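Text of upload16.pdb (PDB, C-alpha atoms, pLDDT in the B column) as supplied:
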ATOM      1  CA  MET A  17     -13.692   9.332   9.201  1.00 72.00           C
ATOM      2  CA  LYS A  18     -13.625   6.086  11.172  1.00 84.00           C
ATOM      3  CA  ASN A  19     -13.418   4.034   7.962  1.00 90.00           C
ATOM      4  CA  LYS A  20     -10.544   6.183   6.671  1.00 93.00           C
ATOM      5  CA  LYS A  21      -8.622   5.723   9.910  1.00 93.00           C
ATOM      6  CA  ARG A  22      -9.254   1.951   9.836  1.00 93.00           C
ATOM      7  CA  PHE A  23      -8.063   1.833   6.213  1.00 95.00           C
ATOM      8  CA  ILE A  24      -4.859   3.700   7.066  1.00 96.00           C
ATOM      9  CA  VAL A  25      -4.167   1.407  10.036  1.00 95.00           C
ATOM     10  CA  ARG A  26      -4.792  -1.706   7.939  1.00 96.00           C
ATOM     11  CA  LEU A  27      -2.677  -0.448   5.056  1.00 97.00           C
ATOM     12  CA  THR A  28       0.187   0.552   7.361  1.00 98.00           C
ATOM     13  CA  LEU A  29       0.196  -2.777   9.188  1.00 97.00           C
ATOM     14  CA  THR A  30      -0.046  -4.716   5.929  1.00 97.00           C
ATOM     15  CA  LEU A  31       2.895  -2.807   4.453  1.00 98.00           C
ATOM     16  CA  LEU A  32       4.917  -3.366   7.623  1.00 98.00           C
ATOM     17  CA  CYS A  33       4.222  -7.117   7.359  1.00 98.00           C
ATOM     18  CA  VAL A  34       5.341  -7.135   3.744  1.00 98.00           C
ATOM     19  CA  ALA A  35       8.484  -5.187   4.659  1.00 98.00           C
ATOM     20  CA  ALA A  36       9.273  -7.578   7.531  1.00 98.00           C
ATOM     21  CA  VAL A  37       8.882 -10.625   5.277  1.00 98.00           C
ATOM     22  CA  GLY A  38      10.986  -8.905   2.620  1.00 98.00           C
ATOM     23  CA  ALA A  39      13.760  -8.214   5.132  1.00 97.00           C
ATOM     24  CA  ILE A  40      13.650 -11.808   6.375  1.00 97.00           C
ATOM     25  CA  PHE A  41      13.807 -13.198   2.832  1.00 97.00           C
ATOM     26  CA  TYR A  42      16.590 -10.773   1.906  1.00 96.00           C
ATOM     27  CA  ASN A  43      18.689 -11.930   4.876  1.00 93.00           C
ATOM     28  CA  SER A  44      18.093 -15.541   3.823  1.00 94.00           C
ATOM     29  CA  SER A  45      19.286 -14.817   0.305  1.00 95.00           C
ATOM     30  CA  LEU A  46      22.732 -13.740   1.532  1.00 94.00           C
ATOM     31  CA  ASP A  47      25.532 -16.263   1.205  1.00 93.00           C
ATOM     32  CA  ALA A  48      27.340 -17.525   4.293  1.00 91.00           C
ATOM     33  CA  VAL A  49      30.164 -14.972   4.067  1.00 91.00           C
ATOM     34  CA  GLU A  50      27.756 -12.018   3.822  1.00 92.00           C
ATOM     35  CA  SER A  51      25.548 -13.408   6.579  1.00 89.00           C
ATOM     36  CA  THR A  52      28.509 -13.943   8.894  1.00 87.00           C
ATOM     37  CA  SER A  53      29.763 -10.423   8.195  1.00 89.00           C
ATOM     38  CA  GLN A  54      26.440  -9.153   9.562  1.00 88.00           C
ATOM     39  CA  SER A  55      26.455 -11.237  12.734  1.00 87.00           C
ATOM     40  CA  ASP A  56      30.148 -11.058  13.685  1.00 89.00           C
ATOM     41  CA  PRO A  57      30.084  -7.354  14.661  1.00 92.00           C
ATOM     42  CA  MET A  58      27.052  -8.079  16.860  1.00 90.00           C
ATOM     43  CA  VAL A  59      28.873 -10.965  18.572  1.00 91.00           C
ATOM     44  CA  ASP A  60      31.911  -8.735  19.153  1.00 91.00           C
ATOM     45  CA  GLY A  61      29.738  -5.908  20.492  1.00 91.00           C
ATOM     46  CA  ILE A  62      27.832  -8.146  22.911  1.00 92.00           C
ATOM     47  CA  ASN A  63      31.033  -9.723  24.200  1.00 91.00           C
ATOM     48  CA  ALA A  64      32.652  -6.293  24.587  1.00 91.00           C
ATOM     49  CA  PHE A  65      29.616  -5.141  26.582  1.00 93.00           C
ATOM     50  CA  PHE A  66      29.794  -8.151  28.918  1.00 90.00           C
ATOM     51  CA  THR A  67      33.521  -7.550  29.428  1.00 92.00           C
ATOM     52  CA  SER A  68      32.980  -3.840  30.115  1.00 93.00           C
ATOM     53  CA  VAL A  69      30.464  -4.558  32.884  1.00 92.00           C
ATOM     54  CA  GLY A  70      32.666  -7.262  34.375  1.00 92.00           C
ATOM     55  CA  LEU A  71      30.539 -10.270  33.458  1.00 89.00           C
ATOM     56  CA  PRO A  72      32.509 -13.432  32.698  1.00 90.00           C
ATOM     57  CA  VAL A  73      30.137 -14.315  29.848  1.00 87.00           C
ATOM     58  CA  THR A  74      30.825 -14.755  26.176  1.00 90.00           C
ATOM     59  CA  VAL A  75      28.384 -15.458  23.390  1.00 91.00           C
ATOM     60  CA  ASN A  76      29.163 -17.113  20.121  1.00 91.00           C
ATOM     61  CA  ASP A  77      27.861 -16.741  16.593  1.00 90.00           C
ATOM     62  CA  PHE A  78      25.361 -19.585  17.069  1.00 91.00           C
ATOM     63  CA  ILE A  79      23.625 -17.938  20.035  1.00 92.00           C
ATOM     64  CA  VAL A  80      23.455 -14.546  18.341  1.00 91.00           C
ATOM     65  CA  ARG A  81      22.108 -15.977  15.083  1.00 91.00           C
ATOM     66  CA  LYS A  82      19.416 -18.083  16.769  1.00 93.00           C
ATOM     67  CA  THR A  83      18.393 -15.166  18.975  1.00 94.00           C
ATOM     68  CA  ALA A  84      18.148 -13.029  15.840  1.00 92.00           C
ATOM     69  CA  HIS A  85      15.927 -15.666  14.223  1.00 94.00           C
ATOM     70  CA  PHE A  86      13.603 -15.687  17.230  1.00 97.00           C
ATOM     71  CA  THR A  87      13.565 -11.896  17.482  1.00 97.00           C
ATOM     72  CA  GLU A  88      12.869 -11.149  13.815  1.00 96.00           C
ATOM     73  CA  TYR A  89      10.032 -13.659  13.874  1.00 98.00           C
ATOM     74  CA  ALA A  90       8.672 -12.238  17.117  1.00 98.00           C
ATOM     75  CA  VAL A  91       8.477  -8.889  15.329  1.00 98.00           C
ATOM     76  CA  LEU A  92       6.753 -10.602  12.410  1.00 98.00           C
ATOM     77  CA  GLY A  93       4.369 -12.383  14.802  1.00 98.00           C
ATOM     78  CA  THR A  94       3.464  -9.067  16.384  1.00 98.00           C
ATOM     79  CA  LEU A  95       2.821  -7.468  13.008  1.00 98.00           C
ATOM     80  CA  LEU A  96       0.850 -10.457  11.710  1.00 98.00           C
ATOM     81  CA  SER A  97      -1.304 -10.530  14.826  1.00 97.00           C
ATOM     82  CA  LEU A  98      -2.026  -6.820  14.781  1.00 97.00           C
ATOM     83  CA  THR A  99      -2.706  -6.866  11.053  1.00 97.00           C
ATOM     84  CA  ALA A 100      -5.070  -9.825  11.359  1.00 96.00           C
ATOM     85  CA  TYR A 101      -6.841  -8.165  14.261  1.00 95.00           C
ATOM     86  CA  SER A 102      -7.237  -4.927  12.297  1.00 94.00           C
ATOM     87  CA  TYR A 103      -9.127  -6.839   9.610  1.00 93.00           C
ATOM     88  CA  VAL A 104     -11.210  -9.348  11.591  1.00 89.00           C
ATOM     89  CA  LEU A 105     -11.534  -7.536  14.946  1.00 78.00           C
ATOM     90  CA  ARG A 106     -11.861 -10.873  16.720  1.00 82.00           C
ATOM     91  CA  ARG A 107      -9.151 -11.823  19.111  1.00 81.00           C
ATOM     92  CA  LYS A 108      -9.414 -15.584  18.642  1.00 81.00           C
ATOM     93  CA  HIS A 109      -9.345 -15.356  14.862  1.00 89.00           C
ATOM     94  CA  THR A 110      -6.049 -13.511  14.854  1.00 93.00           C
ATOM     95  CA  LEU A 111      -4.234 -16.699  15.862  1.00 93.00           C
ATOM     96  CA  LEU A 112      -5.886 -18.594  13.009  1.00 94.00           C
ATOM     97  CA  ILE A 113      -4.346 -16.104  10.602  1.00 95.00           C
ATOM     98  CA  ALA A 114      -1.050 -15.161  12.258  1.00 96.00           C
ATOM     99  CA  LEU A 115       0.230 -18.622  13.174  1.00 97.00           C
ATOM    100  CA  PRO A 116      -0.164 -20.389   9.810  1.00 97.00           C
ATOM    101  CA  THR A 117       1.133 -17.317   7.993  1.00 98.00           C
ATOM    102  CA  GLY A 118       4.170 -17.135  10.283  1.00 98.00           C
ATOM    103  CA  ALA A 119       4.799 -20.863   9.822  1.00 98.00           C
ATOM    104  CA  ALA A 120       4.595 -20.501   6.036  1.00 98.00           C
ATOM    105  CA  VAL A 121       7.080 -17.633   6.081  1.00 98.00           C
ATOM    106  CA  ALA A 122       9.451 -19.681   8.270  1.00 97.00           C
ATOM    107  CA  VAL A 123       9.314 -22.625   5.854  1.00 97.00           C
ATOM    108  CA  CYS A 124       9.846 -20.377   2.809  1.00 97.00           C
ATOM    109  CA  ASP A 125      12.670 -18.598   4.620  1.00 97.00           C
ATOM    110  CA  GLU A 126      14.529 -21.840   5.219  1.00 96.00           C
ATOM    111  CA  LEU A 127      13.883 -23.088   1.681  1.00 96.00           C
ATOM    112  CA  ILE A 128      15.429 -19.880   0.328  1.00 96.00           C
ATOM    113  CA  GLN A 129      18.567 -20.688   2.338  1.00 95.00           C
ATOM    114  CA  MET A 130      19.104 -23.866   0.324  1.00 94.00           C
ATOM    115  CA  PHE A 131      20.419 -21.803  -2.597  1.00 94.00           C
ATOM    116  CA  PRO A 132      23.060 -19.288  -1.371  1.00 94.00           C
ATOM    117  CA  ALA A 133      26.592 -20.657  -0.997  1.00 93.00           C
ATOM    118  CA  GLY A 134      27.332 -22.008   2.460  1.00 92.00           C
ATOM    119  CA  ARG A 135      23.727 -21.815   3.696  1.00 93.00           C
ATOM    120  CA  SER A 136      21.332 -24.635   4.471  1.00 93.00           C
ATOM    121  CA  CYS A 137      17.717 -25.392   5.226  1.00 93.00           C
ATOM    122  CA  GLU A 138      17.333 -26.313   8.907  1.00 94.00           C
ATOM    123  CA  ILE A 139      14.193 -27.658  10.580  1.00 96.00           C
ATOM    124  CA  ARG A 140      15.598 -26.384  13.878  1.00 96.00           C
ATOM    125  CA  ASP A 141      15.555 -22.842  12.496  1.00 96.00           C
ATOM    126  CA  MET A 142      11.964 -23.255  11.308  1.00 97.00           C
ATOM    127  CA  LEU A 143      11.017 -24.224  14.867  1.00 97.00           C
ATOM    128  CA  ILE A 144      12.930 -21.284  16.338  1.00 97.00           C
ATOM    129  CA  ASP A 145      11.275 -18.952  13.824  1.00 97.00           C
ATOM    130  CA  PHE A 146       7.808 -20.299  14.561  1.00 98.00           C
ATOM    131  CA  SER A 147       8.489 -20.050  18.298  1.00 98.00           C
ATOM    132  CA  GLY A 148       9.107 -16.327  17.827  1.00 98.00           C
ATOM    133  CA  VAL A 149       5.810 -15.933  15.963  1.00 98.00           C
ATOM    134  CA  LEU A 150       3.945 -17.992  18.568  1.00 98.00           C
ATOM    135  CA  PHE A 151       5.442 -16.080  21.478  1.00 98.00           C
ATOM    136  CA  ALA A 152       4.542 -12.692  20.001  1.00 98.00           C
ATOM    137  CA  ALA A 153       1.072 -13.831  18.917  1.00 97.00           C
ATOM    138  CA  LEU A 154       0.330 -15.040  22.453  1.00 97.00           C
ATOM    139  CA  VAL A 155       1.591 -11.782  23.964  1.00 97.00           C
ATOM    140  CA  ILE A 156      -0.667  -9.841  21.578  1.00 96.00           C
ATOM    141  CA  GLN A 157      -3.568 -12.123  22.536  1.00 95.00           C
ATOM    142  CA  LEU A 158      -2.967 -11.353  26.201  1.00 95.00           C
ATOM    143  CA  ILE A 159      -2.784  -7.614  25.540  1.00 95.00           C
ATOM    144  CA  LEU A 160      -5.990  -7.702  23.477  1.00 93.00           C
ATOM    145  CA  TYR A 161      -7.743  -9.749  26.154  1.00 92.00           C
ATOM    146  CA  LEU A 162      -6.719  -7.343  28.909  1.00 93.00           C
ATOM    147  CA  THR A 163      -7.642  -4.322  26.773  1.00 91.00           C
ATOM    148  CA  HIS A 164     -11.078  -5.706  25.984  1.00 85.00           C
ATOM    149  CA  ARG A 165     -11.628  -6.750  29.578  1.00 86.00           C
ATOM    150  CA  HIS A 166     -10.701  -3.285  30.823  1.00 84.00           C
ATOM    151  CA  ARG A 167     -12.955  -1.643  28.239  1.00 82.00           C
ATOM    152  CA  GLU A 168     -15.904  -3.860  29.193  1.00 80.00           C
ATOM    153  CA  LYS A 169     -15.433  -3.165  32.904  1.00 81.00           C
ATOM    154  CA  LYS A 170     -15.151   0.552  32.215  1.00 80.00           C
ATOM    155  CA  GLU A 171     -18.398   0.481  30.252  1.00 79.00           C
ATOM    156  CA  GLY A 172     -20.069  -1.451  33.085  1.00 72.00           C
ATOM    157  CA  LYS A 173     -20.645  -4.592  31.064  1.00 62.00           C
ATOM    158  CA  GLU A 174     -19.842  -8.058  32.217  1.00 55.00           C
ATOM    159  CA  PHE A 175     -16.880  -9.486  30.372  1.00 49.00           C
ATOM    160  CA  GLU A 176     -17.167 -13.028  29.029  1.00 47.00           C
TER     161      GLU A 176
END
Spit out the file's structure as structure tokens when you get a sec.
Amino acid sequence: MKNKKRFIVRLTLTLLCVAAVGAIFYNSSLDAVESTSQSDPMVDGINAFFTSVGLPVTVNDFIVRKTAHFTEYAVLGTLLSLTAYSYVLRRKHTLLIALPTGAAVAVCDELIQMFPAGRSCEIRDMLIDFSGVLFAALVIQLILYLTHRHREKKEGKEFE
């Protein structure tokens, strides 16, 4: 029963990672016009929200797009970390899997953007993408550390 549950968790997390990478690569394959048509409504919505609550703040396409990069890669970093942990069950090893994998996806993502009309490969975006993975991986590390520490204390063992 335990092995079946572990298999289902691993399979689910693996499929979610594949889906996240697929979504990222799909977004990168869109040309500039299609990509802008996705981000413009978000820019308008955010600015309308700030206006409705009386904040004299406006965001532009650049801010929204870079925040989206960071966010989608933070989601990927979370999934990569949890997936790695489900296989190796060692907190420290999850970073050794999640970070290089996230970096490789970020590089591939930007390379894909060399081909659609109006898009380009940007090192800055690779760094933003990797920052999202790193941030999420470190948050997952902290959560795993605290979870293990709590479990050890609860069981009356000294935590190392």
Identify all residues satisfying the PyMOL selection byres ((chain A and resi 74-90) around 7) in the given file; provide them as a PDB file with C-alpha atoms, in the coordinates of the input.
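Result went into out_16.pdb, see below:
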ATOM      1  CA  SER A  55      26.455 -11.237  12.734  1.00 87.00           C
ATOM      2  CA  ASP A  56      30.148 -11.058  13.685  1.00 89.00           C
ATOM      3  CA  VAL A  59      28.873 -10.965  18.572  1.00 91.00           C
ATOM      4  CA  ASN A  63      31.033  -9.723  24.200  1.00 91.00           C
ATOM      5  CA  PRO A  72      32.509 -13.432  32.698  1.00 90.00           C
ATOM      6  CA  VAL A  73      30.137 -14.315  29.848  1.00 87.00           C
ATOM      7  CA  VAL A  91       8.477  -8.889  15.329  1.00 98.00           C
ATOM      8  CA  LEU A  92       6.753 -10.602  12.410  1.00 98.00           C
ATOM      9  CA  GLY A  93       4.369 -12.383  14.802  1.00 98.00           C
ATOM     10  CA  THR A  94       3.464  -9.067  16.384  1.00 98.00           C
ATOM     11  CA  ILE A 144      12.930 -21.284  16.338  1.00 97.00           C
ATOM     12  CA  ASP A 145      11.275 -18.952  13.824  1.00 97.00           C
ATOM     13  CA  SER A 147       8.489 -20.050  18.298  1.00 98.00           C
ATOM     14  CA  GLY A 148       9.107 -16.327  17.827  1.00 98.00           C
ATOM     15  CA  VAL A 149       5.810 -15.933  15.963  1.00 98.00           C
ATOM     16  CA  PHE A 151       5.442 -16.080  21.478  1.00 98.00           C
ATOM     17  CA  ALA A 152       4.542 -12.692  20.001  1.00 98.00           C
TER      18      ALA A 152
END
*Can you tell me how far CA of Ala35 in chain A sits from CA of Lys18 in chain A, in Å to one decimal?*
25.7 Å
Please put the answer as JSON: centre and edge lengths, in Å with one decimal, of a box along x, y and z that encloses all listed atoms of range 60-66 of chain A plus 4 Å on each side.
{"center_x": 30.2, "center_y": -7.4, "center_z": 24.0, "size_x": 12.8, "size_y": 12.6, "size_z": 17.8}
_Using all atoms listed in the file: which of A:Ile128, A:Glu168, A:Arg22, A:Leu154 has the shortest distance to Leu112 in chain A_ =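 Residue with the minimum atom-to-atom distance to Leu112 in chain A: A:Leu154.
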*I need the residue set behind the PyMOL selection byres ((chain A and resi 40) around 10) for this file; please write it as a count of residues only.*
18
*Atomic separation - CA of Leu160 in chain A relative to CA of Thr117 in chain A, Å*: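 Those two atoms sit 19.6 Å apart.
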*Considering all atoms listed in the file, return as a PyMOL selection string whatever protein or nucleic-acid residues lie within 12 Å of Arg106 in chain A, sequence-local ones (same chain, fewer than 6 positions apart) excluded.*
chain A and resi 97-100+112-113+157+160-161+164
Could you save the residues just selected, with C-alpha atoms, as a CSV table (one decimal), keeping the file's coordinate frame?
chain,number,residue,atom,x,y,z
A,97,SER,CA,-1.3,-10.5,14.8
A,98,LEU,CA,-2.0,-6.8,14.8
A,99,THR,CA,-2.7,-6.9,11.1
A,100,ALA,CA,-5.1,-9.8,11.4
A,112,LEU,CA,-5.9,-18.6,13.0
A,113,ILE,CA,-4.3,-16.1,10.6
A,157,GLN,CA,-3.6,-12.1,22.5
A,160,LEU,CA,-6.0,-7.7,23.5
A,161,TYR,CA,-7.7,-9.7,26.2
A,164,HIS,CA,-11.1,-5.7,26.0
_If I take CA of Glu50 in chain A and CA of Arg140 in chain A, how far is one from the other in Å, to one decimal?_
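It comes out at 21.3 Å.
Minimum atom-to-atom distances from A:Leu32, A:Leu111, A:Ile24, A:Ser51 to Gln129 in chain A were compared using only C-alpha atoms, and the lowest value belongs to A:Ser51.
Ranking A:Leu95, A:Leu29, A:Met58, A:Val123 by their shortest atom-to-atom distance to Ile156 in chain A, with only C-alpha atoms included, puts A:Leu95 first.
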_Just checking: using only C-alpha atoms, which residue out of A:Leu71, A:Leu143, A:Leu150, A:Phe23 ends up closest to Thr110 in chain A?_
A:Leu150
